[in-house]
Every structure is written in C-alpha cells, then in structure tokens.
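A.B. asks: Below are the structure tokens for one structure; questions will follow.
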Amino acid sequence: MRVAYWPGCVSRGFTPELHGSMAKVAPLLDIELIELDRANCCGAGVIAEHNQELADTLNARTFALAQQTDGELMMNICSTCQGAQSECQERLDANTEYREQVNANLKDQGLRYEKGLTNKNFLWLLVEDIGLDELRARVKRPLTDLKVGPFYGCYIVRPVNRLGIDEEHPRDRYLHRVIEALGGTVINYAGVYKCCGFPIITMNKEASLTQAGRHLGDAIDAEADCLVVPCPLCHLNLDLQQPMAARTVGRELGLPVLHLPQLVGLALGLSPQELGMAKHVVKPTSVIDWTTSVVAAA
Amino acid sequence: MPQFTLKIRRYDPQSGEAPYWEEHTVEMEPKQSVLDALLLVKDEEDGSIGIRCSCQQAICGSCGVRMNGKPGLACNTHLDEAAARGHGIGWNPPDEGQAAPVITVEPMGNMPVIRDLIVDMDAVHWKKIQRVTPWLINKEPVPEREYIVPHENMVDVTQTMACIQCGACVSDCLSMEVDPLFVGPAASAKAYRFVGDPRDAQPLERLNDLAQDPHGIYDCTHCFNCIDACPKGVDPMSQIMRLRRKAADDYEIEDRNNGSRHEHAFVKNIRRNGLLHEPDLLADSFGGKFNPRAIPELLSGLPTMAAAVARRKVSPTLPLVHPHKAPPGVRDIYETVEGRKERIELNLYVTGYEDAPEDEGGDDKQTAGAGGEQGQPEAEGAAGREPAGEASAPETETGDSGGSTAESEENA
C-alpha cells in the first residue's frame, strides 16, 4: 500500500535510527512511503500551549500536503505526532467555521485541508491494514525467547475517545499483539501505559528522570529483556537519558529500548546494524547477538 | 441475570495487617452501577467494607474508586462497562469461558488509604485545592449592584466549574506519582476558574505563584490521564495549558522553571527551522547558548550529548549547523496567526461536535469524540463532552463542597 509518510522531527534528529529502520522495514511489508518532506513539526503540544490556531494551522498544512499525494492514508512513526495531530484534527473536523478559518490561513500557499483524513501511527497500520496474520507469515526470525515489555507512550493511548480506542479498535493492546505475532513474549509491568517524563526534562529534571528510571526498573524486575516504543521522544528519555535516569533512581538499569520498526525488522530478518541499533546508548546486545544473530542469546 | 465478581481491595492501616483481596459475586443487571453492587455486598455479605458515598447521582463526588485500574465514580459506572475495561487503559473483554466478569475495585491512588476504598482526601486533594486560593478576590470597589460579566468570559470558565471534586484526576496523575508536591490537575483547574474570571482582582499574582512554584503548572507532563479520569469532562490538562498560555504569553511571566522559555524557544525553533532543531531548543530553553543560566544546565547534559555523538546518533557539528530551513509557508502561517490582536481558540466542550448525534441526556460522562478510524466521530457521539447549550447547564452540577464563592451565577 502507498502511504503519505510523516516521519516527524526527532526521528530525523536525535533518533535517526528510527527513520532509517522504518525505511528498511517498509518494503518488507509492501508499504510504499511517500515522504512528506515539505511538511512541518506537529508542535508536540507545546505550540498548541502557546497558540491553538497556530498549531492547528501548521498541522492542517501537513494534512493538506498528505491529501495532495495519492497515498491511501497518512502514516507517522511517532506517538507524539499522532497525539498532537489528532488533537488538532479533532478541532478541525468538529467545526466547519473553524476549519474554514484555518484553511484561510493556508490559501496563499494553495493548500486546503478537507475534513476526514486518516492518520495512523505505524503500529495501528501494522495491525489494522497489514494485519497480524500477514505479519506472522512474513516473520523470518521469530523472536522466540525474547521477553519484551511494551511501552506505549501517552500520546498514542490517551484520550481514549479522541484516538478512537474502542472494542473494535483495541489500540491499547496492539503492541502486545505485535510482540506476540513476532514470536516474542509480552512482559506486563507497571509502566506499560505510563509517561516517560520527557516533556518536563527541561523544567523538572528529577521528576522527569524518576519516571523514566522507575518504568525501566519495573520492567527489569518483571524480567524483560528489552522495551519496545512507538515514540522517539520516549526513546530519548528511556535510552539516551538512561544513564542519568539510573543515577536519579539510584539503581543499575542497562535495559535496551527498541523502536517499533526495529523490533519488526529483527523478526523480518534484518541485522542489528541495518536497523541502526549501534546508535543506542544501551546497546541491545542482550536482545540479539551481533555476530551470530541469535535472538535473546544473553 | 448475569453475574459479576467484585474483587475488592481490603485494608485497615490500623490493624497492622497487610492489604488483601476479597471476592464477592453478585447477580445484577449489567446497567446497574458498581456502587449498587458494592452496597448490595455490604448489605448482604459483609457490612465492614469501607466505601464513601452519598448522592448516587454523580453530583456529590464521594464515591471515587479505581475500577479495573481506571479511576471514576462507582455510582455512574455500569457493571458491564467496568467489566469490559481492562487493567491499564482501555478495552480488554473478559477471557472466553470466564464464568463471571471480574471487576477489581481499589481505592484511588496518590492519596493515603483510611480504610478499604476510602482515601484521605484532606491530606492531598483538599490541601492542594486550598493552596490555589479557591475563592474570588473581588476587584475594588465592589459594585453596588450585580457585577455584569460578559457571557464569553463565563462560558470560558464553565468547563472548570463542572468539577465535583471527586479526586479521580488526582488519583491517576502520573506527575504526582513521582512528585507528590505537584499542585496537580484538580487544583490547577480550580485555579483557572478564577484566573479566567474578569471579576478576580489578582490573576497575575495567581499565575505568577503557579508558574514560579517548582511543583506548579510546569510540572505537568501532558500525559492525558486526568482527561480520561474525569467523569465530568473538565479536562484538567487543558486548563493547565490555558494557565501556561496566560502566564507565558498574556502576562509574560518568566518563571524560574524554564517553562515559558521552553515554550517560546520551541515556537521560535519551528518558525526558523520548520522541523525541530534539538540542540537549539535545549540551549534556548535555558535562555540561550551564551546565557550564564544555561551553562550549568548544558554542562550537566554533556555526558548525555557525548554519548549521542559517540554512538553517531548526532553529528558533533549539529549545534552549529541548521540542516532544515522553514519553508516559506510555515513562516507565512506564523505571520498571519501571530499577527492577530486576539488569539482564536475553539473549545469543543463549549461548541460541541457538529456531527454528534443529539445528547440523549442523563449520561454525562465522556463517551466519545472525533478521531475514529476515519477521523469521524464515533457512532456513540460526543454526548459525553457535555457540550454547552441547553442540555449541559453545568452550573446546576457544581455542588462545590470546597467553600468557593459565587460559583454558579453569572452575576454576583
């Protein structure tokens, strides 16, 4: 399938391995990515905090660019983008007058957002459009013996109604299901749906890193080999900041954190190098042996 | 009649015994409430179960508990709804073949347990409410007759006035979980109720207080838990964002938590680059690369940055180069929107959803919203947001036991 692809900022900034691994995984799932290279930052909720209309117009611009492509839908690889964009889209879709007001801001650039865009995180697309049976059929290296803790990140699971989570779309279980479809074992621990703390890292470092440190510690206590995240901002606090988080909570951590496309890519037979896993601060050698490619060797 | 098993957390701190779980199975209609079931068990099986309740109509805010991991009022949560709700967030239907759906009932979080399902609201919730001066400070001179408040101002604070002080949002606030001093969602919403009221004499002082407090409005992580927790659609997190907007932009308060600096740095960053340039954001959030305030912060972040460079996550020259430049369209948007005299905001609580079916009345919980698979409102409709208008009239539901003044009238 062809999708208008919005990678977000952080996947091309501080977590380039995410953007790279998505590019490697997409063809293995027959996803054709039409990258929205003129689109802009979603504002991560911070621009909306400053000025709602500004955030809504910036995102309407991205939506309009997506609608100009022939992609079946728009796909993102960042929970924060999903959440911030869904919030703006909720307002744009709910009120014609407001939508027209925002569209007037885009008129000079020849852009217009039409109500009803479908914007899905890779996780949702994987389960709803590709399907778990299809995914299972494509697995070349089942993640047998790998114990994976899902870490969803706030923006992709709350608010439940805005994100369309209901009995027919149990999107708050999708990471669990993907881990199982790839042959891995799901580890449930206290932090599955909690906040990584990243949004307040510059405002209250201690509270921020205590959140990250606790969730990592809880996952280790539940005997997870690694975490998997659909959000690069969570990855920043859980992986890049992990040494600082360990110091903050006063315990050793050392738990690898994988981006969702990396976990999928491993099961589809890609090597850790191809998936950019050398770029992680906590090197995922306990997840996969780099010389023998045996999963969960440690 | 279907069966439901209540798995109740029992605990008496004075007994010296550890908490334990106790199961009771009831036969009840699925649309009866969790509170109905608790009271039946209390009546017929074990009178010693501690639960606080009063009105049984989602007005008094007494019966806040966690049901299958999610906070809410026991009196307006149907048994089938509670049973269908998995631990954690959402929908996790009972396993096939399971005789009776199990509903765990626990006391709310972030507050000490007095007994069983009763928590100490005074120790946490009410203390925080008191901390935000929860009453109107009149402008002087007080008018002789009614103080006429413009309609739009009153509508603006309507959402916060719907709060019934049940503490469900406090229960599951993830920031408070690691920082018990955080002022929290309920008190912040209460603060906005007065900051947004044109009759109040001290909005600047209120905002300054909450912005400068190291555990004030900038401690919120945007986790959305309070939005899903609230049985009244108060949306405390959005009230915190409105407080920040007023503090940083209307009153230009430069707080010592880097909150306003971070916001302004982010906004400027996207204007310039279109995409986020992280090194600039980090430096500017502390006042800029060459600001003395930034130096200790940036130095403490050096090991992290060194690790990122060592792993080739980022190039060491990234702080100096700007690989992206904002497309002209982005700058045009900034100029148009930032050039307005007044900000345009849409509050869906007030306006409602165009496509939403008629509110069937009665059920005032958040039942749906837009953002379904096609971005369309779900079939259940947006009744739950209590869109303003005839059906909602939150004034009648204020029931604020916190002793606030003049909550319900437009004129006071």
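In the structure tokens, the first chain shown is A, the next is B, and so on; residue numbers restart at 1 for each chain, and ligands run from 1 in the order shown.
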What are the DSSP strand (DSSP E) residues of range 50-161 of chain A, as a ChimeraX atom specification?
C.D. replies: /A:73-76,119-121,147-150
A.B. asks: Would you mind exporting the chosen residues as a tab-separated table (two decimals), in the first residue's frame, restricted to N, CA, C and O atoms?
C.D. replies:
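To be explicit, this is the file written out as part-v6.tsv:
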chain	number	residue	atom	x	y	z
A	73	LEU	N	-3.59	6.71	2.98
A	73	LEU	CA	-3.76	7.40	4.26
A	73	LEU	C	-2.43	8.03	4.64
A	73	LEU	O	-1.46	7.90	3.91
A	74	MET	N	-2.41	8.73	5.77
A	74	MET	CA	-1.17	9.31	6.26
A	74	MET	C	-0.65	8.43	7.39
A	74	MET	O	-1.42	7.98	8.24
A	75	MET	N	0.66	8.17	7.37
A	75	MET	CA	1.24	7.34	8.42
A	75	MET	C	2.35	8.11	9.13
A	75	MET	O	3.12	8.83	8.50
A	76	ASN	N	2.41	7.95	10.46
A	76	ASN	CA	3.50	8.56	11.23
A	76	ASN	C	4.22	7.47	12.01
A	76	ASN	O	3.71	6.35	12.14
A	119	ASN	N	-5.11	9.33	9.72
A	119	ASN	CA	-3.70	9.48	10.10
A	119	ASN	C	-3.39	8.41	11.13
A	119	ASN	O	-3.94	8.41	12.22
A	120	LYS	N	-2.52	7.47	10.76
A	120	LYS	CA	-2.27	6.34	11.66
A	120	LYS	C	-0.80	6.20	11.98
A	120	LYS	O	0.05	6.29	11.09
A	121	ASN	N	-0.52	5.91	13.22
A	121	ASN	CA	0.82	5.50	13.60
A	121	ASN	C	1.11	4.16	12.94
A	121	ASN	O	0.21	3.35	12.71
A	147	LYS	N	11.84	-11.62	25.72
A	147	LYS	CA	10.79	-11.08	26.60
A	147	LYS	C	10.75	-9.57	26.45
A	147	LYS	O	11.71	-8.88	26.81
A	148	VAL	N	9.66	-9.09	25.89
A	148	VAL	CA	9.57	-7.68	25.51
A	148	VAL	C	8.51	-6.95	26.34
A	148	VAL	O	7.36	-7.39	26.42
A	149	GLY	N	8.91	-5.85	26.93
A	149	GLY	CA	7.95	-5.01	27.65
A	149	GLY	C	7.42	-3.93	26.72
A	149	GLY	O	8.20	-3.17	26.16
A	150	PRO	N	6.09	-3.87	26.50
A	150	PRO	CA	5.56	-2.79	25.66
A	150	PRO	C	5.57	-1.47	26.45
A	150	PRO	O	5.24	-1.46	27.63
A.B. asks: Identify all residues of range 152-264 of chain A in helix (DSSP H, G or I) (DSSP on the backbone) and supply them as a compact mmCIF listing (two decimals) with C-alpha atoms, in the first residue's frame.
C.D. replies:
# COMPACT_ATOMS: atom_id res chain seq x y z
CA CYS A 154 0.88 8.71 26.48
CA TYR A 155 0.05 10.33 23.18
CA ILE A 156 -0.94 7.11 21.43
CA ARG A 171 -5.35 0.10 20.03
CA ASP A 172 -4.17 -0.04 23.62
CA ARG A 173 -3.42 -3.76 23.09
CA TYR A 174 -1.73 -3.54 19.70
CA LEU A 175 1.88 -3.51 20.94
CA HIS A 176 1.09 -6.61 22.97
CA ARG A 177 -0.34 -8.30 19.89
CA VAL A 178 2.53 -7.31 17.60
CA ILE A 179 5.11 -8.66 20.06
CA GLU A 180 3.23 -11.96 20.12
CA ALA A 181 2.82 -12.08 16.36
CA PHE A 198 10.31 13.56 28.63
CA PRO A 199 8.05 16.63 28.27
CA ILE A 200 9.34 18.11 31.55
CA LYS A 205 14.70 17.01 35.50
CA GLU A 206 14.36 14.99 38.66
CA ALA A 207 10.66 14.24 38.23
CA SER A 208 11.23 13.53 34.55
CA LEU A 209 14.08 11.07 35.04
CA THR A 210 12.42 9.46 38.06
CA GLN A 211 9.54 8.50 35.77
CA ALA A 212 11.88 7.01 33.16
CA GLY A 213 14.00 5.26 35.78
CA ARG A 214 11.05 3.72 37.58
CA HIS A 215 9.48 2.26 34.47
CA LEU A 216 12.81 0.80 33.35
CA GLY A 217 13.37 -0.63 36.82
CA ASP A 218 9.87 -2.12 36.94
CA ALA A 219 10.42 -3.76 33.55
CA ILE A 220 13.75 -5.20 34.70
CA ASP A 221 12.11 -6.54 37.87
CA PRO A 232 11.05 8.54 19.66
CA LEU A 233 10.55 11.03 22.49
CA CYS A 234 10.00 8.17 24.92
CA HIS A 235 13.15 6.66 23.44
CA LEU A 236 15.09 9.81 24.33
CA ASN A 237 14.21 9.56 28.00
CA LEU A 238 14.35 5.77 28.23
CA ASP A 239 17.53 5.17 26.21
CA LEU A 240 19.54 8.36 25.64
CA GLN A 242 19.05 6.10 30.76
CA PRO A 243 22.44 6.59 32.49
CA MET A 244 21.10 9.80 34.07
CA ALA A 245 17.82 8.08 34.96
CA ALA A 246 19.79 5.30 36.65
CA ARG A 247 21.61 7.86 38.75
CA THR A 248 18.34 9.60 39.62
CA VAL A 249 16.59 6.46 40.87
CA LEU A 260 8.89 -0.48 16.95
CA PRO A 261 10.26 -0.74 13.37
CA GLN A 262 13.49 -2.17 14.80
CA LEU A 263 11.65 -4.96 16.62
CA VAL A 264 9.63 -5.73 13.48
A.B. asks: Point out the residue among A:Ile288, A:Ala104, A:Leu146, A:Leu123 with the least atom-to-atom distance to chain B, counting only C-alpha atoms.
C.D. replies: A:Ala104
A.B. asks: Need the shell around Ser238 in chain B: protein/DNA/RNA residues with any atom at most 10 Å away, counting only C-alpha atoms. Skip same-chain ones fewer than 3 positions apart. Format as an MDAnalysis selection string?
C.D. replies: (chainID A and resid 49) or (chainID B and resid 185 188:189 222 224 226:227 234:235 241:244 347)
A.B. asks: Would you mind listing what lies within 12 Å of Glu44 in chain B as a ChimeraX atom specification, with only C-alpha atoms counted and same-chain residues fewer than 6 positions away left out?
C.D. replies: /B:24-26,37-38
A.B. asks: Write out, as a CSV table (one decimal), in the first residue's frame, the residues just selected, with all heavy atoms.
C.D. replies:
chain,number,residue,atom,x,y,z
B,24,HIS,N,-16.4,-11.2,45.9
B,24,HIS,CA,-17.9,-11.4,46.1
B,24,HIS,C,-18.6,-11.4,44.8
B,24,HIS,O,-18.3,-10.6,43.9
B,24,HIS,CB,-18.5,-10.2,46.9
B,24,HIS,CG,-17.9,-10.1,48.3
B,24,HIS,ND1,-18.4,-10.8,49.4
B,24,HIS,CD2,-16.9,-9.3,48.8
B,24,HIS,CE1,-17.7,-10.5,50.5
B,24,HIS,NE2,-16.7,-9.6,50.1
B,25,THR,N,-19.4,-12.4,44.6
B,25,THR,CA,-20.1,-12.5,43.3
B,25,THR,C,-21.6,-12.0,43.5
B,25,THR,O,-22.2,-12.4,44.4
B,25,THR,CB,-20.1,-13.9,42.7
B,25,THR,OG1,-18.7,-14.2,42.5
B,25,THR,CG2,-20.8,-14.0,41.4
B,26,VAL,N,-22.0,-11.2,42.5
B,26,VAL,CA,-23.4,-10.7,42.6
B,26,VAL,C,-24.1,-11.0,41.3
B,26,VAL,O,-23.5,-11.1,40.3
B,26,VAL,CB,-23.4,-9.2,42.9
B,26,VAL,CG1,-22.9,-8.8,44.2
B,26,VAL,CG2,-22.7,-8.4,41.8
B,37,ALA,N,-23.6,-2.6,43.3
B,37,ALA,CA,-23.1,-3.9,43.6
B,37,ALA,C,-22.4,-3.9,44.9
B,37,ALA,O,-22.5,-4.7,45.8
B,37,ALA,CB,-22.2,-4.4,42.5
B,38,LEU,N,-21.6,-2.8,45.1
B,38,LEU,CA,-20.8,-2.7,46.4
B,38,LEU,C,-21.8,-2.6,47.6
B,38,LEU,O,-21.5,-3.2,48.6
B,38,LEU,CB,-19.9,-1.4,46.4
B,38,LEU,CG,-18.6,-1.5,45.5
B,38,LEU,CD1,-18.0,-0.1,45.3
B,38,LEU,CD2,-17.6,-2.5,46.1
A.B. asks: Neighbours of Leu143 in chain A within 6 Å (only C-alpha atoms; same-chain residues fewer than 3 positions away dropped), as JSON, numbers by chain?
C.D. replies: {"A": [146, 182, 183, 184]}
A.B. asks: Taking 6 positions as the minimum chain separation for residues in the same chain, which residues sit within 9 Å of Gln202 in chain B when counting only C-alpha atoms? Answer as a list in words.
C.D. replies: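 Residues near the query, excluding close chain neighbours: Ile137, Asn138, Lys139, Phe194 and Val195 of chain B.
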A.B. asks: Please indicate the distance in Å from CA of Val34 in chain B to CA of Cys75 in chain B, rounded to one decimal place.
C.D. replies: 6.3 Å
A.B. asks: Write out as an MDAnalysis selection string the residues lying within 12 Å of Val132 in chain B, counting only C-alpha atoms and excluding same-chain residues fewer than 5 positions away.
C.D. replies: chainID B and resid 125:127 137 183:195 202:203 205:211 213 216:217 402 404
A.B. asks: Save the residues we just selected, C-alpha atoms, as a CSV table (one decimal), in the first residue's frame?
C.D. replies:
chain,number,residue,atom,x,y,z
B,125,HIS,CA,-6.7,16.7,47.3
B,126,TRP,CA,-8.2,19.4,49.6
B,127,LYS,CA,-4.8,20.6,50.7
B,137,ILE,CA,-10.8,38.0,45.2
B,183,VAL,CA,-0.1,21.1,42.5
B,184,GLY,CA,-1.9,18.6,40.3
B,185,PRO,CA,-4.9,18.6,37.9
B,186,ALA,CA,-7.9,19.4,40.1
B,187,ALA,CA,-6.3,22.4,41.9
B,188,SER,CA,-5.0,23.7,38.6
B,189,ALA,CA,-8.4,23.5,37.0
B,190,LYS,CA,-9.8,25.3,40.1
B,191,ALA,CA,-7.1,28.0,39.6
B,192,TYR,CA,-8.2,28.6,36.0
B,193,ARG,CA,-11.7,29.1,37.2
B,194,PHE,CA,-10.6,32.3,39.0
B,195,VAL,CA,-7.8,33.3,36.6
B,202,GLN,CA,-5.3,39.1,41.2
B,203,PRO,CA,-4.9,36.9,38.1
B,205,GLU,CA,-0.4,37.1,41.3
B,206,ARG,CA,-2.2,33.7,40.9
B,207,LEU,CA,-0.4,32.9,37.7
B,208,ASN,CA,3.0,34.1,39.0
B,209,ASP,CA,2.6,31.9,42.0
B,210,LEU,CA,1.7,28.8,40.0
B,211,ALA,CA,4.4,29.4,37.4
B,213,ASP,CA,6.4,27.2,42.1
B,216,GLY,CA,3.4,24.2,39.8
B,217,ILE,CA,1.9,24.3,36.3
B,402,GLY,CA,-14.9,23.4,48.8
B,404,SER,CA,-15.8,28.6,46.9
A.B. asks: Nearest residue to Glu342 in chain B out of B:Pro236, B:Asp249, B:Asp46, B:Pro107, using only C-alpha atoms?
C.D. replies: B:Asp249
